[in-house]
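Asks: Structure file upload-v3.txt, compact mmCIF, N, CA and C atoms, is pasted below:
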```
# COMPACT_ATOMS: atom_id res chain seq x y z
N MET M 11 103.11 65.00 133.36
CA MET M 11 101.87 65.60 133.81
C MET M 11 102.19 66.60 134.93
N THR M 12 101.63 67.80 134.83
CA THR M 12 101.85 68.80 135.85
C THR M 12 100.79 68.68 136.94
N GLU M 13 101.04 69.33 138.08
CA GLU M 13 100.11 69.26 139.20
C GLU M 13 98.76 69.88 138.87
N THR M 14 98.75 70.87 137.98
CA THR M 14 97.50 71.57 137.68
C THR M 14 96.74 70.93 136.51
N GLU M 15 97.31 69.91 135.91
CA GLU M 15 96.63 69.25 134.80
C GLU M 15 95.38 68.54 135.29
N GLU M 16 94.30 68.67 134.52
CA GLU M 16 93.05 68.02 134.86
C GLU M 16 92.71 66.96 133.83
N VAL M 17 91.95 65.97 134.26
CA VAL M 17 91.52 64.89 133.38
C VAL M 17 90.00 64.78 133.47
N ASP M 18 89.42 64.09 132.49
CA ASP M 18 87.98 63.92 132.43
C ASP M 18 87.59 62.47 132.68
N LEU M 19 86.46 62.31 133.35
CA LEU M 19 85.81 61.02 133.53
C LEU M 19 84.47 61.12 132.83
N VAL M 20 84.34 60.46 131.67
CA VAL M 20 83.10 60.50 130.91
C VAL M 20 82.08 59.57 131.56
N VAL M 21 80.87 60.10 131.77
CA VAL M 21 79.81 59.33 132.41
C VAL M 21 79.07 58.53 131.34
N PRO M 22 78.97 57.22 131.51
CA PRO M 22 78.28 56.41 130.51
C PRO M 22 76.81 56.82 130.38
N PRO M 23 76.30 56.90 129.15
CA PRO M 23 74.87 57.20 128.97
C PRO M 23 74.03 56.18 129.73
N GLY M 24 72.97 56.66 130.36
CA GLY M 24 72.09 55.79 131.14
C GLY M 24 72.44 55.68 132.60
N THR M 25 73.52 56.36 133.02
CA THR M 25 73.89 56.35 134.43
C THR M 25 72.79 57.04 135.23
N PRO M 26 72.32 56.42 136.31
CA PRO M 26 71.27 57.04 137.12
C PRO M 26 71.69 58.42 137.64
N ARG M 27 70.72 59.33 137.66
CA ARG M 27 70.99 60.69 138.12
C ARG M 27 71.47 60.73 139.56
N THR M 28 71.02 59.79 140.38
CA THR M 28 71.45 59.78 141.78
C THR M 28 72.95 59.55 141.90
N ILE M 29 73.50 58.72 141.04
CA ILE M 29 74.95 58.46 141.05
C ILE M 29 75.70 59.72 140.60
N ILE M 30 75.20 60.35 139.55
CA ILE M 30 75.83 61.58 139.04
C ILE M 30 75.81 62.66 140.13
N ARG M 31 74.67 62.81 140.81
CA ARG M 31 74.54 63.80 141.88
C ARG M 31 75.52 63.50 143.01
N ASP M 32 75.60 62.23 143.41
CA ASP M 32 76.50 61.87 144.51
C ASP M 32 77.96 62.18 144.17
N ILE M 33 78.35 61.95 142.95
CA ILE M 33 79.73 62.28 142.55
C ILE M 33 79.94 63.79 142.60
N ALA M 34 78.98 64.54 142.06
CA ALA M 34 79.12 66.00 142.05
C ALA M 34 79.21 66.58 143.46
N LEU M 35 78.50 65.98 144.40
CA LEU M 35 78.47 66.50 145.77
C LEU M 35 79.62 66.01 146.65
N ASN M 36 80.18 64.84 146.34
CA ASN M 36 81.13 64.22 147.25
C ASN M 36 82.59 64.22 146.79
N PHE M 37 82.84 64.68 145.58
CA PHE M 37 84.21 64.68 145.06
C PHE M 37 84.55 66.07 144.55
N GLU M 38 85.82 66.41 144.58
CA GLU M 38 86.28 67.71 144.10
C GLU M 38 86.45 67.66 142.59
N VAL M 39 85.32 67.62 141.89
CA VAL M 39 85.31 67.58 140.43
C VAL M 39 84.27 68.57 139.94
N GLU M 40 84.42 68.97 138.69
CA GLU M 40 83.49 69.89 138.04
C GLU M 40 82.74 69.11 136.96
N MET M 41 81.43 69.29 136.88
CA MET M 41 80.66 68.64 135.82
C MET M 41 80.78 69.49 134.55
N VAL M 42 81.15 68.83 133.46
CA VAL M 42 81.31 69.52 132.18
C VAL M 42 80.63 68.70 131.08
N SER M 43 80.47 69.32 129.94
CA SER M 43 79.93 68.64 128.76
C SER M 43 81.09 68.42 127.79
N VAL M 44 81.19 67.22 127.25
CA VAL M 44 82.24 66.91 126.28
C VAL M 44 81.62 66.27 125.04
N THR M 45 82.27 66.48 123.91
CA THR M 45 81.84 65.83 122.68
C THR M 45 82.66 64.56 122.53
N TRP M 46 81.98 63.44 122.35
CA TRP M 46 82.64 62.14 122.32
C TRP M 46 82.28 61.41 121.04
N PRO M 47 83.27 60.90 120.30
CA PRO M 47 82.96 60.17 119.06
C PRO M 47 82.36 58.79 119.34
N LEU M 48 81.39 58.40 118.56
CA LEU M 48 80.78 57.07 118.67
C LEU M 48 81.11 56.31 117.39
N ASN M 49 81.67 55.14 117.54
CA ASN M 49 82.07 54.34 116.37
C ASN M 49 81.64 52.90 116.53
N TYR M 50 80.34 52.66 116.60
CA TYR M 50 79.85 51.29 116.65
C TYR M 50 78.47 51.24 115.99
N ALA M 51 78.10 50.05 115.56
CA ALA M 51 76.81 49.81 114.90
C ALA M 51 76.58 50.84 113.80
N ASN M 52 75.44 51.49 113.83
CA ASN M 52 75.13 52.46 112.77
C ASN M 52 75.52 53.88 113.16
N MET M 53 76.39 54.04 114.15
CA MET M 53 76.77 55.36 114.63
C MET M 53 78.22 55.70 114.28
N VAL M 54 78.74 55.15 113.21
CA VAL M 54 80.13 55.39 112.83
C VAL M 54 80.30 56.87 112.51
N ASN M 55 81.32 57.46 113.13
CA ASN M 55 81.68 58.87 112.95
C ASN M 55 80.64 59.84 113.50
N ASP M 56 79.68 59.37 114.29
CA ASP M 56 78.76 60.27 114.98
C ASP M 56 79.47 60.84 116.21
N GLU M 57 79.02 62.00 116.64
CA GLU M 57 79.52 62.58 117.88
C GLU M 57 78.33 62.85 118.78
N ARG M 58 78.56 62.75 120.08
CA ARG M 58 77.48 62.94 121.03
C ARG M 58 77.98 63.77 122.20
N GLU M 59 77.14 64.67 122.68
CA GLU M 59 77.45 65.45 123.87
C GLU M 59 77.20 64.57 125.09
N LEU M 60 78.21 64.41 125.92
CA LEU M 60 78.09 63.58 127.11
C LEU M 60 78.51 64.38 128.34
N ILE M 61 78.05 63.95 129.49
CA ILE M 61 78.46 64.54 130.76
C ILE M 61 79.80 63.93 131.15
N ALA M 62 80.65 64.77 131.72
CA ALA M 62 81.92 64.28 132.25
C ALA M 62 82.22 65.03 133.55
N PHE M 63 83.09 64.44 134.35
CA PHE M 63 83.59 65.11 135.53
C PHE M 63 85.05 65.42 135.28
N ARG M 64 85.45 66.66 135.58
CA ARG M 64 86.83 67.11 135.34
C ARG M 64 87.46 67.49 136.67
N GLY M 65 88.70 67.05 136.84
CA GLY M 65 89.40 67.40 138.06
C GLY M 65 90.81 66.84 138.06
N ARG M 66 91.46 66.97 139.22
CA ARG M 66 92.82 66.45 139.38
C ARG M 66 92.79 64.93 139.19
N PRO M 67 93.82 64.37 138.61
CA PRO M 67 93.83 62.92 138.34
C PRO M 67 93.51 62.05 139.55
N GLU M 68 94.06 62.37 140.72
CA GLU M 68 93.82 61.53 141.89
C GLU M 68 92.36 61.61 142.34
N GLU M 69 91.72 62.77 142.20
CA GLU M 69 90.33 62.92 142.60
C GLU M 69 89.40 62.25 141.59
N VAL M 70 89.74 62.36 140.30
CA VAL M 70 88.94 61.71 139.26
C VAL M 70 89.03 60.19 139.41
N LYS M 71 90.19 59.70 139.81
CA LYS M 71 90.35 58.25 140.01
C LYS M 71 89.43 57.76 141.13
N LYS M 72 89.32 58.54 142.21
CA LYS M 72 88.41 58.18 143.31
C LYS M 72 86.95 58.21 142.83
N ALA M 73 86.61 59.24 142.06
CA ALA M 73 85.25 59.35 141.53
C ALA M 73 84.94 58.19 140.59
N GLU M 74 85.92 57.77 139.79
CA GLU M 74 85.73 56.64 138.88
C GLU M 74 85.48 55.35 139.65
N ALA M 75 86.23 55.12 140.71
CA ALA M 75 86.03 53.92 141.52
C ALA M 75 84.62 53.92 142.12
N PHE M 76 84.17 55.07 142.60
CA PHE M 76 82.82 55.20 143.16
C PHE M 76 81.78 54.94 142.08
N LEU M 77 81.97 55.53 140.90
CA LEU M 77 81.04 55.34 139.79
C LEU M 77 80.91 53.87 139.42
N LEU M 78 82.03 53.18 139.28
CA LEU M 78 81.99 51.77 138.91
C LEU M 78 81.31 50.92 139.99
N GLU M 79 81.60 51.21 141.25
CA GLU M 79 80.97 50.47 142.35
C GLU M 79 79.45 50.66 142.33
N LYS M 80 79.01 51.91 142.19
CA LYS M 80 77.58 52.20 142.20
C LYS M 80 76.87 51.64 140.96
N LEU M 81 77.54 51.66 139.80
CA LEU M 81 76.94 51.07 138.60
C LEU M 81 76.79 49.56 138.76
N ARG M 82 77.79 48.90 139.36
CA ARG M 82 77.68 47.45 139.60
C ARG M 82 76.51 47.15 140.53
N GLU M 83 76.36 47.96 141.59
CA GLU M 83 75.24 47.76 142.52
C GLU M 83 73.91 47.96 141.78
N PHE M 84 73.83 48.97 140.95
CA PHE M 84 72.61 49.26 140.20
C PHE M 84 72.26 48.12 139.25
N ILE M 85 73.25 47.60 138.56
CA ILE M 85 73.02 46.51 137.61
C ILE M 85 72.60 45.24 138.34
N ASP M 86 73.21 44.98 139.50
CA ASP M 86 72.90 43.76 140.25
C ASP M 86 71.55 43.80 140.96
N SER M 87 71.00 45.00 141.11
CA SER M 87 69.72 45.10 141.85
C SER M 87 68.51 44.82 140.97
```
Any chance you could put this one into C-alpha cells?

Replies:
Amino acid sequence: MTETEEVDLVVPPGTPRTIIRDIALNFEVEMVSVTWPLNYANMVNDERELIAFRGRPEEVKKAEAFLLEKLREFIDS
C-alpha cells in the first residue's frame, strides 16, 4: 500500500444523519457515493448506492472507530 492510497468506509443504511455529519466535520475524509452489491434475502445480485467516507487508511480507521462507538450508543439509547 502506498502513502497516497485511499480506502473507503461504507456507512450502514439507517445511520443517523448526525453521526454522518460529525464524521464529515471531524475527520479528514471525503464523502462519496459507492455502488455496493447486496446478497441476502430477496436482494441477491442487487446493487445499491451507499454513502462512504474515503481517505487515508489511518484516518478512515479513526472514523470507523467513531462510527461504531456512536452506533452502539444510538442502539443502546

Asks: Taking the DSSP assignment computed from this structure's backbone, write out as number ranges by chain all residues of chain M that belong to alpha helix (DSSP H).

Replies: M: 27-36, 67-86

Asks: Run DSSP on the backbone and give me the residues of chain M it puts in strand (DSSP E or B), as a list in words.

Replies: Val17, Asp18, Leu19, Val20, Glu40, Met41, Val42, Ser43, Val44, Thr45, Trp46, Pro47, Leu48, Asp56, Glu57, Arg58, Glu59, Leu60, Ile61, Ala62, Phe63, Arg64 and Gly65 of chain M

Asks: Need the shell around Glu69 (chain M): protein/DNA/RNA residues with any atom at most 7 Å away, counting all atoms listed in the file. Skip same-chain ones fewer than 6 positions apart. Format as a PyMOL selection string?

Replies: chain M and resi 37-39

Asks: Have a look at CA of Ile85 (chain M) and CA of Val20 (chain M) and let me know their distance in Å, one decimal.

Replies: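 Pair CA of Ile85 (chain M) / CA of Val20 (chain M) returns 18.5 Å.
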
Asks: Can you work out which one of M:Val17, M:Asp32, M:Pro23, M:Phe76 has the shortest atom-to-atom distance to Arg58 (chain M), counting only C-alpha atoms?

Replies: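 When distances to Arg58 (chain M) are compared using only C-alpha atoms, the smallest one comes from M:Pro23.
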
Asks: One decimal, Å: what's the distance from CA of Leu60 (chain M) over to CA of Pro22 (chain M), could you say?

Replies: 7.9 Å

Asks: I need the residue nearest Thr45 (chain M) from this list: M:Leu78, M:Ile33, M:Val21, M:Ala73. Use only C-alpha atoms for the distance.

Replies: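 Using only C-alpha atoms, the shortest distance to Thr45 (chain M) belongs to M:Val21.
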
Asks: From the list M:Asp18, M:Phe63, M:Asp86, M:Glu68, which residue is nearest Ala34 (chain M) when using only N, CA and C atoms?

Replies: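 Of M:Asp18, M:Phe63, M:Asp86, M:Glu68, the one nearest Ala34 (chain M) is M:Phe63, counting only N, CA and C atoms.
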
Asks: Using only N, CA and C atoms, which of the listed residues (M:Ser87, M:Glu57, M:Arg64, M:Val42) sits closest to Leu19 (chain M)?

Replies: M:Arg64

Asks: Nearest residue to Glu16 (chain M) out of M:Trp46, M:Lys72, M:Glu79, M:Gly65, using only C-alpha atoms?

Replies: M:Gly65

Asks: CA of Glu15 (chain M) to CA of Ile29 (chain M): how many Å, to one decimal?

Replies: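 Interatomic distance here is 25.0 Å.
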
Asks: Check the smallest atom-to-atom distance from each of M:Lys71, M:Leu77, M:Arg66, M:Phe84 to Glu40 (chain M) using only C-alpha atoms, then report the winner.

Replies: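 The closest residue to Glu40 (chain M) is M:Arg66.
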